[in-house]
$ cat input_4.txt   # compact mmCIF, C-alpha atoms
# COMPACT_ATOMS: atom_id res chain seq x y z
CA MET K 1 160.57 69.17 119.62
CA LYS K 2 157.40 71.01 118.97
CA PRO K 3 157.66 73.52 116.13
CA THR K 4 157.56 77.10 117.41
CA LYS K 5 154.79 79.24 116.07
CA ILE K 6 155.81 82.78 115.20
CA PRO K 7 152.74 84.91 114.67
CA VAL K 8 152.86 87.62 112.06
CA PRO K 9 152.25 90.91 113.92
CA PRO K 10 148.83 92.38 113.08
CA SER K 11 150.52 95.71 112.45
CA CYS K 12 151.89 94.24 109.22
CA ARG K 13 148.41 94.60 107.81
CA GLN K 14 147.75 97.98 109.36
CA ARG K 15 148.53 101.42 108.08
CA ARG K 16 151.18 102.16 110.70
CA GLY K 17 154.35 100.24 111.46
CA GLY K 18 154.08 98.07 108.33
CA THR K 19 157.75 98.24 107.40
CA MET K 20 159.13 97.48 110.88
CA ALA K 21 156.72 94.60 111.51
CA LEU K 22 157.53 92.98 108.16
CA THR K 23 161.27 93.26 108.78
CA LEU K 24 160.86 91.67 112.24
CA ALA K 25 158.68 88.88 110.86
CA LEU K 26 161.21 88.07 108.13
CA PHE K 27 164.07 88.04 110.63
CA MET K 28 162.24 85.70 112.99
CA ALA K 29 161.14 83.47 110.14
CA SER K 30 164.72 83.12 108.91
CA ILE K 31 165.82 82.02 112.42
CA ALA K 32 163.01 79.48 112.55
CA MET K 33 163.98 78.03 109.17
CA ALA K 34 167.64 77.83 110.13
CA SER K 35 166.66 75.94 113.29
CA GLY K 36 164.35 73.57 111.43
CA PHE K 37 161.14 75.12 112.65
CA ILE K 38 159.04 75.59 109.58
CA SER K 39 155.68 76.59 110.97
CA VAL K 40 155.20 80.37 110.94
CA GLY K 41 151.81 80.96 112.54
CA SER K 42 148.99 80.63 110.09
CA THR K 43 150.98 82.52 107.47
CA SER K 44 153.67 80.84 105.38
CA LEU K 45 157.04 82.43 104.67
CA SER K 46 156.02 82.89 101.05
CA ASN K 47 153.03 84.90 102.22
CA ILE K 48 155.27 87.12 104.32
CA LEU K 49 157.46 87.70 101.30
CA GLU K 50 154.37 88.59 99.31
CA LEU K 51 153.45 91.11 101.99
CA ARG K 52 156.89 92.65 101.68
CA LYS K 53 156.63 92.74 97.91
CA ASP K 54 153.24 94.45 98.19
CA GLN K 55 154.51 96.95 100.71
CA SER K 56 154.33 99.69 98.09
CA LYS K 57 150.54 99.21 98.09
CA PHE K 58 150.31 100.26 101.73
CA PRO K 59 148.95 103.76 102.36
CA ASP K 60 151.50 106.56 102.36
CA SER K 61 151.42 106.79 106.14
CA CYS K 62 153.44 103.55 106.32
CA SER K 63 156.23 105.06 104.25
CA SER K 64 159.29 106.52 105.91
CA LYS K 65 158.84 109.58 103.69
CA SER K 66 155.30 110.23 104.87
CA LEU K 67 154.56 113.46 106.72
CA ARG K 68 152.01 113.87 109.45
CA LEU K 69 151.48 117.40 110.75
CA ARG K 70 150.57 117.72 114.38
CA GLY K 71 149.46 121.03 115.79
CA GLY K 72 151.97 122.78 117.98
CA SER K 73 154.91 120.65 116.87
CA SER K 74 158.08 122.57 116.07
CA SER K 75 160.08 119.51 115.03
CA THR K 76 161.65 119.46 111.58
CA LEU K 77 159.77 117.40 109.02
CA ALA K 78 161.89 115.13 106.83
CA MET K 79 160.99 115.06 103.16
CA ALA K 80 162.81 114.89 99.86
CA ALA K 81 164.56 118.28 99.44
CA PRO K 82 161.51 120.54 98.95
CA ARG K 83 161.85 123.47 96.56
CA ILE K 84 159.64 126.36 97.64
CA ILE K 85 158.96 129.90 96.48
CA ILE K 86 157.14 132.38 98.72
CA SER K 87 155.72 135.59 97.33
CA GLY K 88 153.77 138.51 98.71
CA ALA K 89 153.63 142.29 98.76
CA PRO K 90 156.01 144.30 100.96
CA ALA K 91 154.97 143.85 104.63
CA SER K 92 152.82 140.80 103.79
CA GLY K 93 154.67 138.70 106.38
CA LYS K 94 157.02 136.73 104.13
CA GLY K 95 159.92 137.08 106.56
CA THR K 96 157.96 135.67 109.49
CA GLN K 97 156.62 132.74 107.48
CA CYS K 98 160.07 132.02 106.05
CA GLU K 99 161.32 131.51 109.61
CA TYR K 100 158.55 128.99 110.29
CA ILE K 101 159.15 127.14 107.02
CA VAL K 102 162.90 126.87 107.66
CA GLU K 103 162.25 125.61 111.19
CA LYS K 104 159.66 123.05 110.05
CA PHE K 105 161.33 121.69 106.93
CA GLY K 106 165.03 122.47 107.40
CA VAL K 107 165.34 124.08 103.95
CA VAL K 108 167.93 126.69 102.99
CA HIS K 109 166.46 130.20 103.09
CA ILE K 110 167.62 132.29 100.14
CA SER K 111 167.03 135.96 99.52
CA THR K 112 168.50 137.44 96.36
CA GLY K 113 170.02 140.27 98.38
CA ASP K 114 171.99 137.85 100.58
CA ALA K 115 173.05 135.74 97.59
CA LEU K 116 174.14 138.87 95.72
CA ARG K 117 176.20 140.17 98.63
CA ALA K 118 177.84 136.76 99.09
CA GLN K 119 178.94 136.66 95.44
CA VAL K 120 180.31 140.22 95.61
CA GLN K 121 182.18 139.45 98.83
CA ALA K 122 183.63 136.24 97.37
CA GLY K 123 184.81 138.13 94.28
CA THR K 124 183.26 135.67 91.83
CA GLU K 125 182.82 136.56 88.17
CA LEU K 126 179.10 137.11 88.70
CA GLY K 127 179.87 139.10 91.85
CA LYS K 128 182.24 141.39 89.96
CA MET K 129 179.63 141.96 87.26
CA ALA K 130 176.99 142.77 89.86
CA LYS K 131 179.32 145.11 91.75
CA GLY K 132 180.00 147.05 88.55
CA PHE K 133 176.30 147.90 88.26
CA MET K 134 175.89 148.54 91.98
CA ASP K 135 178.83 150.96 92.06
CA LYS K 136 177.15 152.98 89.30
CA GLY K 137 173.89 153.04 91.25
CA ALA K 138 172.21 150.97 88.54
CA LEU K 139 169.93 147.94 88.95
CA VAL K 140 171.64 144.58 88.54
CA PRO K 141 170.28 143.02 85.29
CA ASP K 142 168.01 139.99 85.48
CA ASP K 143 170.49 137.70 83.72
CA VAL K 144 173.12 138.41 86.39
CA ILE K 145 170.63 137.91 89.22
CA ILE K 146 169.41 134.64 87.67
CA GLY K 147 173.00 133.46 87.35
CA ILE K 148 173.63 134.22 91.01
CA VAL K 149 170.44 132.43 92.11
CA LYS K 150 171.22 129.44 89.91
CA ASP K 151 174.74 129.18 91.35
CA ARG K 152 173.39 129.36 94.91
CA LEU K 153 170.77 126.67 94.29
CA ALA K 154 173.46 124.41 92.83
CA GLU K 155 175.39 124.38 96.12
CA GLN K 156 175.35 121.15 98.10
CA ASP K 157 173.29 122.39 101.04
CA CYS K 158 170.43 123.30 98.69
CA LYS K 159 170.65 119.90 96.98
CA ASP K 160 170.61 118.06 100.30
CA LYS K 161 168.06 120.12 102.24
CA GLY K 162 165.98 121.83 99.57
CA TRP K 163 165.50 125.58 99.29
CA LEU K 164 163.14 128.44 99.98
CA LEU K 165 163.30 131.40 97.58
CA ASP K 166 162.12 134.48 99.45
CA GLY K 167 160.30 136.94 97.17
CA PHE K 168 161.93 135.76 93.96
CA PRO K 169 161.12 135.85 91.11
CA ARG K 170 159.67 139.33 91.38
CA THR K 171 158.72 139.84 87.72
CA GLY K 172 157.44 137.83 84.80
CA VAL K 173 160.80 138.32 83.05
CA GLN K 174 162.60 136.76 86.02
CA ALA K 175 160.10 133.88 86.20
CA ASP K 176 160.62 133.20 82.48
CA ALA K 177 164.40 133.32 82.89
CA MET K 178 164.18 130.87 85.81
CA GLU K 179 162.13 128.47 83.73
CA LYS K 180 164.64 128.64 80.88
CA ALA K 181 167.48 128.08 83.36
CA GLY K 182 165.78 124.89 84.55
CA ILE K 183 165.03 126.19 88.06
CA LYS K 184 161.78 124.49 89.04
CA ALA K 185 159.83 124.77 92.29
CA ASP K 186 157.56 122.20 93.94
CA LYS K 187 155.37 124.70 95.79
CA PHE K 188 154.51 128.36 95.28
CA VAL K 189 153.17 130.11 98.39
CA LEU K 190 151.36 133.41 97.81
CA LEU K 191 150.37 135.67 100.70
CA ASN K 192 147.42 138.00 100.14
CA VAL K 193 146.97 141.00 102.45
CA PRO K 194 144.62 144.00 101.92
CA ASP K 195 146.29 147.29 100.93
CA ASN K 196 145.26 149.18 104.07
CA VAL K 197 146.78 146.48 106.28
CA LEU K 198 150.00 146.49 104.25
CA ILE K 199 150.30 150.26 104.65
CA GLU K 200 149.71 150.11 108.41
CA ARG K 201 152.27 147.32 108.78
CA CYS K 202 154.82 149.17 106.67
CA VAL K 203 154.58 152.61 108.26
CA GLY K 204 155.18 151.16 111.73
CA ARG K 205 158.06 148.92 110.67
CA ARG K 206 161.56 149.33 112.09
CA THR K 207 164.74 147.40 111.30
CA ASP K 208 167.62 146.53 113.63
CA PRO K 209 170.75 146.95 111.46
CA VAL K 210 172.82 144.85 113.85
CA THR K 211 170.66 141.71 114.04
CA GLY K 212 168.67 142.20 110.84
CA LYS K 213 165.43 141.69 112.78
CA ILE K 214 162.33 143.59 111.66
CA TYR K 215 159.95 144.92 114.30
CA HIS K 216 156.63 146.77 114.23
CA MET K 217 156.01 149.44 116.80
CA LYS K 218 152.42 148.22 117.31
CA PHE K 219 152.16 144.55 116.26
CA ASN K 220 155.66 143.26 117.03
CA PRO K 221 157.40 145.83 119.24
CA PRO K 222 161.15 145.68 119.82
CA PRO K 223 162.59 144.77 123.23
CA ASN K 224 162.59 147.54 125.82
CA ASP K 225 166.32 147.97 125.53
CA PRO K 226 167.62 151.55 125.13
CA GLU K 227 170.57 150.35 123.04
CA VAL K 228 168.31 148.45 120.59
CA LEU K 229 165.72 151.24 120.42
CA ALA K 230 168.41 153.81 119.63
CA ARG K 231 169.73 151.95 116.62
CA LEU K 232 166.40 151.03 114.96
CA VAL K 233 166.05 152.29 111.39
CA HIS K 234 162.90 153.51 109.64
CA ARG K 235 163.42 152.94 105.92
CA SER K 236 162.82 155.92 103.67
CA ASP K 237 160.39 153.94 101.52
CA ASP K 238 158.37 152.76 104.53
CA THR K 239 155.96 155.67 104.17
CA GLU K 240 152.34 155.62 103.09
CA GLU K 241 153.04 157.45 99.82
CA ALA K 242 155.93 155.18 98.87
CA MET K 243 154.03 152.08 99.96
CA VAL K 244 151.07 152.81 97.68
CA LYS K 245 153.44 152.89 94.69
CA ARG K 246 155.20 149.70 95.77
CA ILE K 247 151.88 147.87 96.15
CA GLU K 248 150.76 148.95 92.67
CA GLN K 249 154.03 147.72 91.17
CA TYR K 250 153.81 144.45 93.07
CA LYS K 251 150.29 143.75 91.77
CA LYS K 252 151.41 144.22 88.17
CA ASN K 253 154.36 141.90 88.66
CA VAL K 254 152.61 139.13 90.61
CA ASP K 255 149.94 138.73 87.93
CA ALA K 256 152.71 138.00 85.42
CA ILE K 257 154.45 135.56 87.78
CA LYS K 258 151.43 133.45 88.71
CA GLY K 259 151.08 132.04 85.20
CA TYR K 260 154.41 130.24 85.53
CA TYR K 261 153.39 128.32 88.65
CA LYS K 262 149.92 127.02 87.87
CA GLY K 263 149.25 123.73 89.57
CA ILE K 264 151.71 124.30 92.43
CA THR K 265 150.29 127.57 93.80
CA HIS K 266 148.23 128.09 96.92
CA GLU K 267 147.07 131.56 97.94
CA PHE K 268 146.78 132.26 101.67
CA ASP K 269 145.05 134.99 103.61
CA GLY K 270 147.98 136.75 105.26
CA VAL K 271 145.83 138.43 107.91
CA GLY K 272 145.27 136.73 111.25
CA ASP K 273 147.26 134.61 113.66
CA LYS K 274 150.75 133.97 112.28
CA HIS K 275 150.94 130.52 113.92
CA ASP K 276 147.69 129.39 112.30
CA LEU K 277 148.94 130.64 108.95
CA ALA K 278 152.23 128.82 109.42
CA SER K 279 150.37 125.58 110.11
CA LYS K 280 148.30 125.95 106.93
CA ILE K 281 151.38 126.69 104.83
CA ALA K 282 153.24 123.71 106.32
CA LYS K 283 150.32 121.41 105.49
CA PHE K 284 150.34 122.66 101.88
CA ILE K 285 154.09 122.15 101.50
CA ALA K 286 153.89 118.65 102.98
CA GLU K 287 151.12 117.50 100.62

$ encode --input "input_4.txt" --output "structure tokens"
Amino acid sequence: MKPTKIPVPPSCRQRRGGTMALTLALFMASIAMASGFISVGSTSLSNILELRKDQSKFPDSCSSKSLRLRGGSSSTLAMAAPRIIISGAPASGKGTQCEYIVEKFGVVHISTGDALRAQVQAGTELGKMAKGFMDKGALVPDDVIIGIVKDRLAEQDCKDKGWLLDGFPRTGVQADAMEKAGIKADKFVLLNVPDNVLIERCVGRRTDPVTGKIYHMKFNPPPNDPEVLARLVHRSDDTEEAMVKRIEQYKKNVDAIKGYYKGITHEFDGVGDKHDLASKIAKFIAE
């Protein structure tokens, strides 16, 4: 019987499909050996094994962990539990971009407000401590907030999927406390928006207390539903005077924070098409 030649697929030497082609070649070669057919194309079995051993030298695009962004795709990208922080002034668009990041990467979105409320509702020790300050109308101390964030990040969903910290840390003290607590991020996304744009966005902002959605009467109007329109809330600090003070405070704080995330920070222009911005942020996270 004539020995059967089993050619090694060319894709084994190409950037794409390397792993699958090698696995197929090894499987077919093992069948040939078991049947007494030794000839494997122009490449010996030992050479195939060498190719497999050298698989780590292939470009990243051959790896199952590689990420390739394609415009317009809304599919979730699989990567090793990314840890992301997004920061920006009030009305800089963090909420919108958080939605895109969660959709693209499947991470757990965490706001300190939500985490705080969850601990209080669950009646945990940290929740009871926080509630004591809240009932007095006082700010919850940084050490309590850090404890709550650390507990939330230690939960299994954050370990499995990764996490997105929305607007936290807010101060240099909080960033320092996070570092000491061993909470480390992979990427720090910073949205920059001019003051006049922030003020315009803020003054026209309305919140739906039922759904939690935030609308803008000019840029992102609510649905033309009398029931929804009637329940929209205009926050007391969403005024031009209050916004100027909040922006000033934010600028002081963000300068202190940035020093803790050198090397993993990318600053983005937060003005323009939100989809284009989302694509740029996704590319940065996937790098």

$ closest_atom_pairs --input "input_4.txt" --of "segment 190-237 of chain K" --to "segment 248-261 of chain K" --cutoff "12 Å" --atoms "only C-alpha atoms" --output "Markdown table"
| residue | atom | partner | partner_atom | distance |
| --- | --- | --- | --- | --- |
| K:Leu190 | CA | K:Lys258 | CA | 9.1 |
| K:Leu191 | CA | K:Val254 | CA | 10.9 |
| K:Asn192 | CA | K:Lys251 | CA | 10.6 |
| K:Val193 | CA | K:Lys251 | CA | 11.5 |
| K:Pro194 | CA | K:Lys251 | CA | 11.6 |
| K:Asp195 | CA | K:Glu248 | CA | 9.5 |
| K:Leu198 | CA | K:Glu248 | CA | 11.9 |

$ atom_distance --input "input_4.txt" --atom1 "atom CA of Pro223 of chain K" --atom2 "atom CA of Arg205 of chain K"
14.0 Å

$ atom_distance --input "input_4.txt" --atom1 "atom CA of Glu155 of chain K" --atom2 "atom CA of Arg117 of chain K"
16.0 Å

$ residues_around --input "input_4.txt" --residues "Ile85 of chain K" --least-positions-apart "3" --cutoff "7 Å" --atoms "only C-alpha atoms" --output "number ranges by chain"
K: 164-166, 185, 187-189

$ closest_atom_pairs --input "input_4.txt" --of "segment 172-286 of chain K" --to "segment 129-148 of chain K" --cutoff "10 Å" --atoms "all atoms listed in the file" --output "CSV"
residue,atom,partner,partner_atom,distance
K:Val173,CA,K:Asp142,CA,7.8
K:Gln174,CA,K:Asp142,CA,6.3
K:Ala175,CA,K:Ile146,CA,9.5
K:Ala177,CA,K:Ile146,CA,7.0
K:Met178,CA,K:Ile146,CA,6.7
K:Ala181,CA,K:Ile146,CA,8.1
K:Ile183,CA,K:Ile146,CA,9.5

$ residues_around --input "input_4.txt" --residues "Val102 of chain K" --least-positions-apart "6" --cutoff "9 Å" --atoms "all atoms listed in the file" --output "PDB file with C-alpha atoms, in the coordinates of the input"
ATOM      1  CA  THR K  76     161.650 119.460 111.580  1.00  0.00           C
ATOM      2  CA  VAL K 108     167.930 126.690 102.990  1.00  0.00           C
ATOM      3  CA  HIS K 109     166.460 130.200 103.090  1.00  0.00           C
ATOM      4  CA  TRP K 163     165.500 125.580  99.290  1.00  0.00           C
ATOM      5  CA  LEU K 164     163.140 128.440  99.980  1.00  0.00           C
TER       6      LEU K 164
END

$ atom_distance --input "input_4.txt" --atom1 "atom CA of Thr207 of chain K" --atom2 "atom CA of Val271 of chain K"
21.2 Å

$ closest_residue --input "input_4.txt" --among "K:Lys150, K:Lys161, K:Gly272, K:Asn224" --to "Ser92 of chain K" --atoms "only C-alpha atoms"
K:Gly272

$ residues_around --input "input_4.txt" --residues "Val197 of chain K" --least-positions-apart "3" --cutoff "12 Å" --atoms "all atoms listed in the file" --output "list in words"
Ala89, Pro90, Ala91, Ser92, Gly93, Asn192, Val193, Pro194, Glu200, Arg201, Cys202, Val203, Gly204, Phe219, Glu240, Met243, Val244, Ile247, Asp269, Gly270, Val271 and Gly272 of chain K

$ closest_residue --input "input_4.txt" --among "K:Lys104, K:His234, K:Lys159, K:Lys128" --to "Ala80 of chain K" --atoms "only C-alpha atoms"
K:Lys159

$ closest_residue --input "input_4.txt" --among "K:Ile110, K:Leu277, K:Ala81, K:Val120" --to "Pro169 of chain K" --atoms "only C-alpha atoms"
K:Ile110

$ axis_aligned_box --input "input_4.txt" --around "segment 233-239 of chain K" --padding-each-side "5 Å" --output "lines of an AutoDock Vina configuration file"
center_x = 161.0
center_y = 154.1
center_z = 106.5
size_x = 20.1
size_y = 13.6
size_z = 19.9

$ residues_around --input "input_4.txt" --residues "Pro221 of chain K" --least-positions-apart "3" --cutoff "12 Å" --atoms "all atoms listed in the file" --output "number ranges by chain"
K: 201, 204-208, 213-218, 224-225, 228-229, 232

$ write_last_selection --input "input_4.txt" --atoms "C-alpha atoms" --output "PDB file, keeping the file's coordinate frame"
ATOM      1  CA  ARG K 201     152.270 147.320 108.780  1.00  0.00           C
ATOM      2  CA  GLY K 204     155.180 151.160 111.730  1.00  0.00           C
ATOM      3  CA  ARG K 205     158.060 148.920 110.670  1.00  0.00           C
ATOM      4  CA  ARG K 206     161.560 149.330 112.090  1.00  0.00           C
ATOM      5  CA  THR K 207     164.740 147.400 111.300  1.00  0.00           C
ATOM      6  CA  ASP K 208     167.620 146.530 113.630  1.00  0.00           C
ATOM      7  CA  LYS K 213     165.430 141.690 112.780  1.00  0.00           C
ATOM      8  CA  ILE K 214     162.330 143.590 111.660  1.00  0.00           C
ATOM      9  CA  TYR K 215     159.950 144.920 114.300  1.00  0.00           C
ATOM     10  CA  HIS K 216     156.630 146.770 114.230  1.00  0.00           C
ATOM     11  CA  MET K 217     156.010 149.440 116.800  1.00  0.00           C
ATOM     12  CA  LYS K 218     152.420 148.220 117.310  1.00  0.00           C
ATOM     13  CA  ASN K 224     162.590 147.540 125.820  1.00  0.00           C
ATOM     14  CA  ASP K 225     166.320 147.970 125.530  1.00  0.00           C
ATOM     15  CA  VAL K 228     168.310 148.450 120.590  1.00  0.00           C
ATOM     16  CA  LEU K 229     165.720 151.240 120.420  1.00  0.00           C
ATOM     17  CA  LEU K 232     166.400 151.030 114.960  1.00  0.00           C
TER      18      LEU K 232
END

$ closest_residue --input "input_4.txt" --among "K:Thr112, K:Gln121, K:Phe105, K:Val210" --to "Ile285 of chain K" --atoms "all atoms listed in the file"
K:Phe105

$ residues_around --input "input_4.txt" --residues "Gln97 of chain K" --least-positions-apart "6" --cutoff "9 Å" --atoms "all atoms listed in the file" --output "NGL selection string"
:K and (86 or 274-275 or 277-278 or 281)

$ write_last_selection --input "input_4.txt" --atoms "C-alpha atoms" --output "tab-separated table (two decimals), in the frame of the given file"
chain	number	residue	atom	x	y	z
K	86	ILE	CA	157.14	132.38	98.72
K	274	LYS	CA	150.75	133.97	112.28
K	275	HIS	CA	150.94	130.52	113.92
K	277	LEU	CA	148.94	130.64	108.95
K	278	ALA	CA	152.23	128.82	109.42
K	281	ILE	CA	151.38	126.69	104.83
